[in-house]
Amino acid sequence: MASFYLNLATSPRPQTTEAVTTQLPLEVVPRTRIALIGNLLLDNERRYGHLETLLHQAFPRKELSVRNLAWPADEVDLQPRPDNFADLDQHLHYFKADLIVAAFGTNESFAGPEGLSSFRIRLEKALTHLKTHAYNGKTGAQIVLLSPTPHLDIEGVPAARMNNANLALYSKAMKEVATRHGVAFVDHFEQSQKLFAASEEPPTTDGSALNATGHQLFAQAAFEGLFGKQAPPIDEGLRALVVDKATQFFYRYRPLNTYYYTGARNKSYGYLDFLPAMRNFDLMVANRDQAIWKTAAGTPTQPDDSNLPKMDEVLLARGANEWLSPEDELKAFEVDPRFEVNLFASEEDFPELACPIQMRWDERGRMWVSCSTTYPHVYPGQRAMDKLIILEDTDGDGKADKCTTFADDLHIPLSFALDGKGGVYLSEEPHLTYLQDLDGDDRADTREILFTGFGCEDSHHALHDFTWTPGGDLLFRESIFHNSQVETSYGPIRAKNSSWFLYHPSSKRLTAFGAYPNTNPWGVTFDDWGNHVASHPVFASTFHATNPPYPEQHPRVDSKIVQAYSGTCGQDFVDFPFWPQEMQGGFLKARYKPTNKIEIHKWVEKEDHFAEEFVSDLIFSTNLSFIPVDLRFGPRGAAYVCDWYNPVKGHAQYSLRDPRRDRKAGRIWRIVPKGAQLAEPPQLEDASIAELLDNLKSAQYRTRYWSKRELRSREPAIVNAQLSVWLDGLDEKSARHEHHLLEALWLSQGIDSPNLSLLKKLSSSSNPHAAAAALGPVRFWHEEMGNQETVSILSSAASHPSQHVRREAVIAASYVGTPGALEAVLPVLDQEAGLHLTYAIQSSFGSANLLRHWEGRSDAGEIEMKLKALTAPEKKAGPTKSKAHQTFDQQKGLQTLEIGCIPERLLFTKDQLTAKAGQPVKLIFNNPDATAHNFVLLAKDTPIEEIGEAANEMAKDRDGAAKHFIPEDKRILQASKLLAPGESETLRFVAPKTPGTYPYLCTFPGHWIIMKGELVVE
C-alpha cells in the first residue's frame, strides 16, 4: 500500500540521462505516456478534454495514456504545493512519462519587458532539468513547449491591451530557448487569436481564462501545431470518457485534505483515509484508459470498475455523540426564557436538507441553503451531489412548507452569495463558481468557473464566508494550511496559509488581503458603520491591508490581547426593534466548540476598534450533535440557526471516512422573542429604484444589504441618476443623515459610479465612524481621483485625532500602493496607536504595495525603528513566586521541563518527556495557539480514551469550561488550568516513584485524540 503514497520526503526520483531532441511534426509511438504540465491553459484540459480527445482520435490504436499534472499559476520554477506534496519530478516518475507537453510563459509575462532576461534564464534551467531525467526509467522525455494564448478585451477588462504585447514577447523568448535546447515549440498565439476573433461565442470567462468554447479552439490550434494537419471534429462521446478519466485522476493527484494525506496530520488517519483510495483511483483511471482506447478504436465502451478492491475499514478511535430526532433535540435546548425556538425545517420533511452549511435570503424573502453530503471529500466510486436548495414558508407560520432544488451536482459548497440577477457565487473547491438561472424556474441553467486554484488542504476551511461588502465587492476567505494560486487577467494571485479575497464582478478583478495565520475562522458580517466582523479575528477591519510579498504573511496575532477565536460559526447584529432593548447594537453568535450554543454579545467601542463582550447564552444544548454552523436574521426579524446535526464533530479527531458521519440529518431552527410582532418583510423584487433607495434609510442592516444587492442588479446609469435625486432630498437634520450619505457612497462604489465629492465630504466628517468608513472607496477609486486628491485625503486622515480614521487611512494606502500614498501616511508612525492601529500600520507598511517604496530608501532604518517601537510589547512584571515555589525551585536535582502547543496543529510541542523516579519536576506549559488548551498528566498506563471521553461529556455542562474540562478522576496526577491563548502556567510536582509510562493529554473536548504524549519515568 505504501507504493501509492506520493510525497516529497520519500517518493522515488528519476535518474539523470542523456537528452533527446523533439521535433515537429510530432511522431507518437504506441503506448506513449503523455504528461501535461504548466499553468491554467493545460489545467483547463482536465475539465474540457478537447486536446486529449483529438490525440486519441488521431491515433486510435496507439493506446496513449495522458495524465494532467498542470496547476493554475504554475511558472517554470515557481510551483507551490501543499506540505510534503510530491514535486513534479516525483509525479512524472510515478507516471513514467515519455512525452511532456508544457504550458508556461503566461504568468511570467506579468513581470513585463524588464523580467524577460530573468525568464530566459529560468526557462533554460527548467528545460535542462526536464530533458535530462529518465522519468520513464529508460530514456529522456520528449518535450513540447506551448506558447501562451492571446488575451481578449471584454467589457470591463481590457485584457488584450494590458497583456498581449508582453505575451508576444515571452512567446518569442520561449521559441528561442526551445530551439537552442532541441525542444519542440508550438506557437499557436496567432492562430488562436484568429480562431477567437472568428468565434460566435465568447472564448474566455475574464479575457484570459478559456471557457469550453475557447479551449476547443486552443486545442484545435495546438493539435495543428503539433502534427501539422487539420484537427478532426470532436467526438463528444469520447470526450466524455476523457473528462471522466481526468476527473478521477484529479481526485488522486490533487485530493482535498492533503494536510491529512501528505501534511502534518497524516499520522492518525492518513493511511486508512487515503492510501486505499489512492490505489482505487489509480485503478479507476486505468479502467477509463481501457474504455477510451476501445472507444477510439471504434467500439464504444464504458468503464468497468468491478476490479476495485474494498477499501480497508477505518479506525473508530472514539465514541460518537448521541443522535436525536429533531423533536428530542429541541428538548435538549436550554433556552433563555425571553425567547421561543421552533423547528423551521428538517430532514424529516425535506431530505434535501441533509448536511446544511450556509443560509442566505433572496429578493423574494426565501431562504437558500447550501448542503454537502460529499464532505469531507469524494471517495472512489462516488461523485459530488451536493445541493443548493430554496426553502419557503408560504403561509407565514414560521415553518418551511416548500423546498426547491436549485442545483444538485455541487462539490462541497462551503459558502455562497446571491447576486440578485438569478445568479449565485459559490465555493466549489478548488473553484469560485458562478451559477445562473436564466429562465426564472429556480434551476441553475449555466455554470461557469470564474477562478480556480484555491487551496484545498483542509476542506472545511477552504473558500468560505461569502458575503457582499457594504461597497458591493464579494468577500470570502480561506484559512490555515492552504496554498492558493489563481490566474487572473491582472496577474497571478498567490496566498499561503490563509488570506481574504475581494472579487469585483464588473472588472473581474480579484484582490488578496489580510494574509495571517488563522484557524477555523467561520462567520462574517458587518456592523452599522461598515466594520468587518468575523471570528478570527473578531474585529476584522484591522486586518484589511493587502498582502505582503509572497509567500510571506502578516504577523500572527496574540489572541490574548486581540480577540481572535476558533470554535464559532456565524454572527449577526440585533437591530430589529421588537428584540430586547438591552440587546440592540449587539449580536448573536453560534458556537460549536467546546460547548454547543447560541450566545448573546455586546459590541463595545474602543479607541481603535470594537470588541465583543459576552453577555449570556440564548440557547445551550446538552446534545453535542447540535452543531450550529450559521446564524442569520431573516426578512421579518426572526433569527435562524443552521444546524449541521451530526454525531461526529471534528476533522482531525475522527477518520475522514468514519461511517458514523451522518449524511441524512439537517435542521434549521428559528428564534423569536416571546410575544413579538414580527416586521413586514422589505419590498425588494418588485420595488422601484426609488423604493429601494428609501430602504437604505432602514435601521436594519439586512434590509440595507438586500436592497443594495437588488440595486446593483438594476441598470447602473438609471440607479446613479436616481441616487443623485435621492441624495438631494435627504433631510440634513436627520440623526442618521451621515449614515444615509455613507450608504449612498457605498452604492456608488457598487455600481461603478465614483462620487468623489461625496467621498471628500464624508472623509472630512466630524463623525469619526463616517470619516473612517468613507476611506474604504479610496482603495478602489484612487485612479479616478488622481494622485493629488488621493494623497490629500490620505494625508488628512493620517493625522486625524481618531485612531479609527488613521487605521483606515493606512490600510487604504496599501491598496493605492504609490510613493505618494506612502508619504501621506508616514505621520501615523509618530502618533499614539492602540493594538489594532499598531497592527494595521505594521501590516500595511509590510504589504508588497508599500514595502517596495520604503525598504530601499535612505530613511528605511528610521521607518523600521518606528515600526518596531510601535509593536514592541510593554513589558510587565511577571507574577511573584511564592515562598513555597522558591523553596521547591531550589531543590537539588530539579528537572525543568518545557512544553507548549504547536499553533493550529492540535499538537503538543513534545510527545515525550522524561524524568527520574522521585525527582522534583518544574513543568512550564505555554499556549501560543488561538484555542484554549490544558496539560493533564495521568497515572501510569491509564487509557487516555477513558479520560478523554469523560472530558467530552463535560461539554454538556454549562460549567465545564469553568472546571477546565478536567474530569473528577483519581488517575489524574497533575493538571494545569485551561490556558487561554497566550497564557502559561508552571506545574511543580515530584515525579512518581514507580518507573514507567505516564500519559499526558489536553482534555479540551475533542483535542485529546491527537494532542497527547507520555512522561517516561526512569
# chains A, B, ... in the order shown; residues from 1 in each chain; ligands from 1
$ residues_around --residues "Gly49 (chain A)" --least-positions-apart "4" --cutoff "9 Å" --atoms "only C-alpha atoms" --output "VMD selection string"
chain A and resid 44 to 45 53 to 54 215 to 216 219 239 to 243 246
$ select_by_dssp --residues "region 30-96 of chain A" --states "helix (DSSP H, G or I)" --output "list in words"
Leu40, Leu41, Leu42, Asp43, Glu45, Arg46, Arg47, Tyr48, His50, Leu51, Glu52, Thr53, Leu54, Leu55, His56, Gln57, Ala58, Leu88, Asp89, Gln90, His91, Leu92, His93, Tyr94 and Phe95 of chain A
$ write_last_selection --atoms "N, CA and C atoms" --output "PDB file, in the first residue's frame"
ATOM      1  N   LEU A  40      -2.699  27.306 -16.101  1.00  0.00           N
ATOM      2  CA  LEU A  40      -4.138  27.136 -16.266  1.00  0.00           C
ATOM      3  C   LEU A  40      -4.529  26.663 -17.658  1.00  0.00           C
ATOM      4  N   LEU A  41      -3.751  27.027 -18.673  1.00  0.00           N
ATOM      5  CA  LEU A  41      -4.077  26.621 -20.036  1.00  0.00           C
ATOM      6  C   LEU A  41      -4.270  25.113 -20.120  1.00  0.00           C
ATOM      7  N   LEU A  42      -3.369  24.343 -19.495  1.00  0.00           N
ATOM      8  CA  LEU A  42      -3.500  22.886 -19.518  1.00  0.00           C
ATOM      9  C   LEU A  42      -4.275  22.349 -18.317  1.00  0.00           C
ATOM     10  N   ASP A  43      -4.316  23.096 -17.218  1.00  0.00           N
ATOM     11  CA  ASP A  43      -5.181  22.681 -16.118  1.00  0.00           C
ATOM     12  C   ASP A  43      -6.630  22.625 -16.596  1.00  0.00           C
ATOM     13  N   GLU A  45      -7.623  21.683 -19.387  1.00  0.00           N
ATOM     14  CA  GLU A  45      -7.801  20.490 -20.224  1.00  0.00           C
ATOM     15  C   GLU A  45      -8.497  19.372 -19.457  1.00  0.00           C
ATOM     16  N   ARG A  46      -8.283  19.294 -18.157  1.00  0.00           N
ATOM     17  CA  ARG A  46      -8.928  18.217 -17.397  1.00  0.00           C
ATOM     18  C   ARG A  46     -10.436  18.426 -17.290  1.00  0.00           C
ATOM     19  N   ARG A  47     -10.896  19.655 -17.417  1.00  0.00           N
ATOM     20  CA  ARG A  47     -12.333  19.923 -17.376  1.00  0.00           C
ATOM     21  C   ARG A  47     -12.988  19.801 -18.739  1.00  0.00           C
ATOM     22  N   TYR A  48     -12.223  20.102 -19.788  1.00  0.00           N
ATOM     23  CA  TYR A  48     -12.801  20.142 -21.134  1.00  0.00           C
ATOM     24  C   TYR A  48     -12.353  18.983 -22.016  1.00  0.00           C
ATOM     25  N   HIS A  50     -10.551  18.563 -24.688  1.00  0.00           N
ATOM     26  CA  HIS A  50     -10.523  18.631 -26.152  1.00  0.00           C
ATOM     27  C   HIS A  50      -9.201  18.142 -26.741  1.00  0.00           C
ATOM     28  N   LEU A  51      -8.084  18.549 -26.172  1.00  0.00           N
ATOM     29  CA  LEU A  51      -6.789  18.191 -26.755  1.00  0.00           C
ATOM     30  C   LEU A  51      -6.536  16.696 -26.652  1.00  0.00           C
ATOM     31  N   GLU A  52      -6.786  16.119 -25.485  1.00  0.00           N
ATOM     32  CA  GLU A  52      -6.585  14.679 -25.361  1.00  0.00           C
ATOM     33  C   GLU A  52      -7.518  13.909 -26.285  1.00  0.00           C
ATOM     34  N   THR A  53      -8.752  14.362 -26.409  1.00  0.00           N
ATOM     35  CA  THR A  53      -9.691  13.685 -27.314  1.00  0.00           C
ATOM     36  C   THR A  53      -9.151  13.678 -28.740  1.00  0.00           C
ATOM     37  N   LEU A  54      -8.620  14.798 -29.194  1.00  0.00           N
ATOM     38  CA  LEU A  54      -8.048  14.867 -30.537  1.00  0.00           C
ATOM     39  C   LEU A  54      -6.865  13.920 -30.696  1.00  0.00           C
ATOM     40  N   LEU A  55      -6.075  13.764 -29.636  1.00  0.00           N
ATOM     41  CA  LEU A  55      -4.947  12.827 -29.703  1.00  0.00           C
ATOM     42  C   LEU A  55      -5.441  11.401 -29.925  1.00  0.00           C
ATOM     43  N   HIS A  56      -6.455  10.998 -29.188  1.00  0.00           N
ATOM     44  CA  HIS A  56      -6.975   9.630 -29.338  1.00  0.00           C
ATOM     45  C   HIS A  56      -7.652   9.453 -30.694  1.00  0.00           C
ATOM     46  N   GLN A  57      -8.323  10.498 -31.170  1.00  0.00           N
ATOM     47  CA  GLN A  57      -8.948  10.391 -32.489  1.00  0.00           C
ATOM     48  C   GLN A  57      -7.900  10.287 -33.595  1.00  0.00           C
ATOM     49  N   ALA A  58      -6.806  11.010 -33.443  1.00  0.00           N
ATOM     50  CA  ALA A  58      -5.756  10.984 -34.468  1.00  0.00           C
ATOM     51  C   ALA A  58      -4.971   9.679 -34.444  1.00  0.00           C
ATOM     52  N   LEU A  88       7.079  17.832  -8.979  1.00  0.00           N
ATOM     53  CA  LEU A  88       6.817  17.472 -10.368  1.00  0.00           C
ATOM     54  C   LEU A  88       7.669  16.296 -10.813  1.00  0.00           C
ATOM     55  N   ASP A  89       8.944  16.284 -10.447  1.00  0.00           N
ATOM     56  CA  ASP A  89       9.817  15.153 -10.803  1.00  0.00           C
ATOM     57  C   ASP A  89       9.247  13.831 -10.310  1.00  0.00           C
ATOM     58  N   GLN A  90       8.793  13.820  -9.078  1.00  0.00           N
ATOM     59  CA  GLN A  90       8.288  12.575  -8.492  1.00  0.00           C
ATOM     60  C   GLN A  90       7.004  12.117  -9.169  1.00  0.00           C
ATOM     61  N   HIS A  91       6.144  13.046  -9.504  1.00  0.00           N
ATOM     62  CA  HIS A  91       4.900  12.670 -10.187  1.00  0.00           C
ATOM     63  C   HIS A  91       5.178  12.195 -11.612  1.00  0.00           C
ATOM     64  N   LEU A  92       6.066  12.873 -12.306  1.00  0.00           N
ATOM     65  CA  LEU A  92       6.418  12.432 -13.659  1.00  0.00           C
ATOM     66  C   LEU A  92       7.040  11.045 -13.630  1.00  0.00           C
ATOM     67  N   HIS A  93       7.837  10.787 -12.615  1.00  0.00           N
ATOM     68  CA  HIS A  93       8.477   9.478 -12.482  1.00  0.00           C
ATOM     69  C   HIS A  93       7.461   8.393 -12.131  1.00  0.00           C
ATOM     70  N   TYR A  94       6.516   8.717 -11.252  1.00  0.00           N
ATOM     71  CA  TYR A  94       5.480   7.756 -10.878  1.00  0.00           C
ATOM     72  C   TYR A  94       4.652   7.365 -12.097  1.00  0.00           C
ATOM     73  N   PHE A  95       4.372   8.336 -12.952  1.00  0.00           N
ATOM     74  CA  PHE A  95       3.592   8.093 -14.162  1.00  0.00           C
ATOM     75  C   PHE A  95       4.431   7.475 -15.279  1.00  0.00           C
TER      76      PHE A  95
END
$ residues_around --residues "Asn39 (chain A)" --least-positions-apart "6" --cutoff "7 Å" --atoms "only C-alpha atoms" --output "ChimeraX atom specification"
/A:70-75,103-104
$ write_last_selection --atoms "N, CA, C and O atoms" --output "mmCIF file, in the first residue's frame"
data_model
loop_
_atom_site.group_PDB
_atom_site.id
_atom_site.type_symbol
_atom_site.label_atom_id
_atom_site.label_comp_id
_atom_site.auth_asym_id
_atom_site.auth_seq_id
_atom_site.Cartn_x
_atom_site.Cartn_y
_atom_site.Cartn_z
ATOM 1 N N ALA A 70 -0.838 19.676 -14.554
ATOM 2 C CA ALA A 70 -0.812 21.137 -14.570
ATOM 3 C C ALA A 70 -1.484 21.701 -13.318
ATOM 4 O O ALA A 70 -2.284 21.027 -12.659
ATOM 5 N N TRP A 71 -1.158 22.942 -13.017
ATOM 6 C CA TRP A 71 -1.688 23.604 -11.820
ATOM 7 C C TRP A 71 -1.799 25.088 -12.133
ATOM 8 O O TRP A 71 -0.853 25.675 -12.663
ATOM 9 N N PRO A 72 -2.918 25.728 -11.833
ATOM 10 C CA PRO A 72 -3.055 27.153 -12.147
ATOM 11 C C PRO A 72 -1.914 27.986 -11.557
ATOM 12 O O PRO A 72 -1.472 27.736 -10.428
ATOM 13 N N ALA A 73 -1.463 28.951 -12.344
ATOM 14 C CA ALA A 73 -0.436 29.925 -11.947
ATOM 15 C C ALA A 73 0.953 29.314 -11.789
ATOM 16 O O ALA A 73 1.870 29.990 -11.317
ATOM 17 N N ASP A 74 1.144 28.067 -12.194
ATOM 18 C CA ASP A 74 2.493 27.498 -12.175
ATOM 19 C C ASP A 74 3.407 28.273 -13.122
ATOM 20 O O ASP A 74 2.996 28.658 -14.222
ATOM 21 N N GLU A 75 4.616 28.486 -12.683
ATOM 22 C CA GLU A 75 5.659 29.042 -13.535
ATOM 23 C C GLU A 75 6.769 28.014 -13.657
ATOM 24 O O GLU A 75 6.754 26.966 -12.995
ATOM 25 N N ALA A 103 2.968 24.097 -20.668
ATOM 26 C CA ALA A 103 2.426 25.436 -20.931
ATOM 27 C C ALA A 103 2.956 26.400 -19.878
ATOM 28 O O ALA A 103 2.580 26.302 -18.706
ATOM 29 N N PHE A 104 3.833 27.286 -20.294
ATOM 30 C CA PHE A 104 4.370 28.306 -19.394
ATOM 31 C C PHE A 104 4.374 29.646 -20.111
ATOM 32 O O PHE A 104 3.942 29.754 -21.264
#
$ residues_around --residues "Gly1006 (chain A)" --least-positions-apart "3" --cutoff "7 Å" --atoms "only C-alpha atoms" --output "list of chain:residue names"
A:Gln653, A:Asn952, A:Ile1009
$ closest_residue --among "A:Tyr503, A:Ser498, A:Ser109, A:Lys421" --to "His536 (chain A)" --atoms "only C-alpha atoms"
A:Ser498
$ closest_residue --among "A:Tyr261, A:Asn646, A:Phe451, A:Asp187" --to "Pro326 (chain A)" --atoms "only C-alpha atoms"
A:Asn646
$ residues_around --residues "Cys569 (chain A)" --least-positions-apart "6" --cutoff "10 Å" --atoms "only C-alpha atoms" --output "list in words"
Ile357, Gln358, Asp465, Asn520, Pro521, Trp522, Gly523, Val524, Ala534, Ser535, Lys589, Ala590, Arg591, Tyr592, Lys593, Ile598, Ile627, Pro628, Val629, Asp630, Leu631 and Cys642 of chain A
$ closest_residue --among "A:Ser655, A:Ser370, A:Gln895, A:Gln749" --to "Phe274 (chain A)" --atoms "only C-alpha atoms"
A:Ser655
$ atom_distance --atom1 "CA of Leu388 (chain A)" --atom2 "CA of Glu428 (chain A)"
11.9 Å
$ residues_around --residues "Lys125 (chain A)" --least-positions-apart "4" --cutoff "12 Å" --atoms "only C-alpha atoms" --output "short mmCIF file (atom, residue, chain, number, x, y, z; two decimals) with N, CA and C atoms, in the first residue's frame"
data_model
loop_
_atom_site.label_atom_id
_atom_site.label_comp_id
_atom_site.auth_asym_id
_atom_site.auth_seq_id
_atom_site.Cartn_x
_atom_site.Cartn_y
_atom_site.Cartn_z
N VAL A 76 7.75 28.30 -14.50
CA VAL A 76 8.77 27.29 -14.78
C VAL A 76 9.52 26.87 -13.51
N ASP A 77 9.66 27.77 -12.55
CA ASP A 77 10.38 27.42 -11.32
C ASP A 77 9.66 27.88 -10.06
N SER A 118 15.47 37.51 -17.09
CA SER A 118 15.39 36.55 -15.99
C SER A 118 14.58 35.32 -16.41
N PHE A 119 13.50 35.56 -17.15
CA PHE A 119 12.67 34.45 -17.61
C PHE A 119 13.46 33.50 -18.50
N ARG A 120 14.27 34.05 -19.38
CA ARG A 120 15.08 33.20 -20.26
C ARG A 120 15.98 32.27 -19.43
N ILE A 121 16.60 32.84 -18.41
CA ILE A 121 17.50 32.04 -17.56
C ILE A 121 16.72 30.96 -16.83
N HIS A 129 16.83 20.70 -16.92
CA HIS A 129 16.48 19.68 -15.92
C HIS A 129 15.50 18.65 -16.49
N LEU A 130 14.43 19.12 -17.12
CA LEU A 130 13.41 18.20 -17.63
C LEU A 130 13.97 17.21 -18.65
N LYS A 131 14.77 17.70 -19.56
CA LYS A 131 15.19 16.84 -20.67
C LYS A 131 16.31 15.88 -20.29
N THR A 132 16.89 16.05 -19.11
CA THR A 132 17.99 15.17 -18.70
C THR A 132 17.60 14.20 -17.60
N VAL A 177 14.58 29.91 -26.81
CA VAL A 177 15.19 28.99 -25.84
C VAL A 177 14.91 27.54 -26.23
N ALA A 178 13.68 27.26 -26.66
CA ALA A 178 13.33 25.89 -27.06
C ALA A 178 14.20 25.43 -28.23
N HIS A 181 17.58 24.34 -27.19
CA HIS A 181 17.59 23.11 -26.37
C HIS A 181 17.10 21.89 -27.13
#
$ closest_residue --among "A:Ala35, A:Ile234, A:Leu410, A:Ile972" --to "Lys940 (chain A)" --atoms "only C-alpha atoms"
A:Ile972
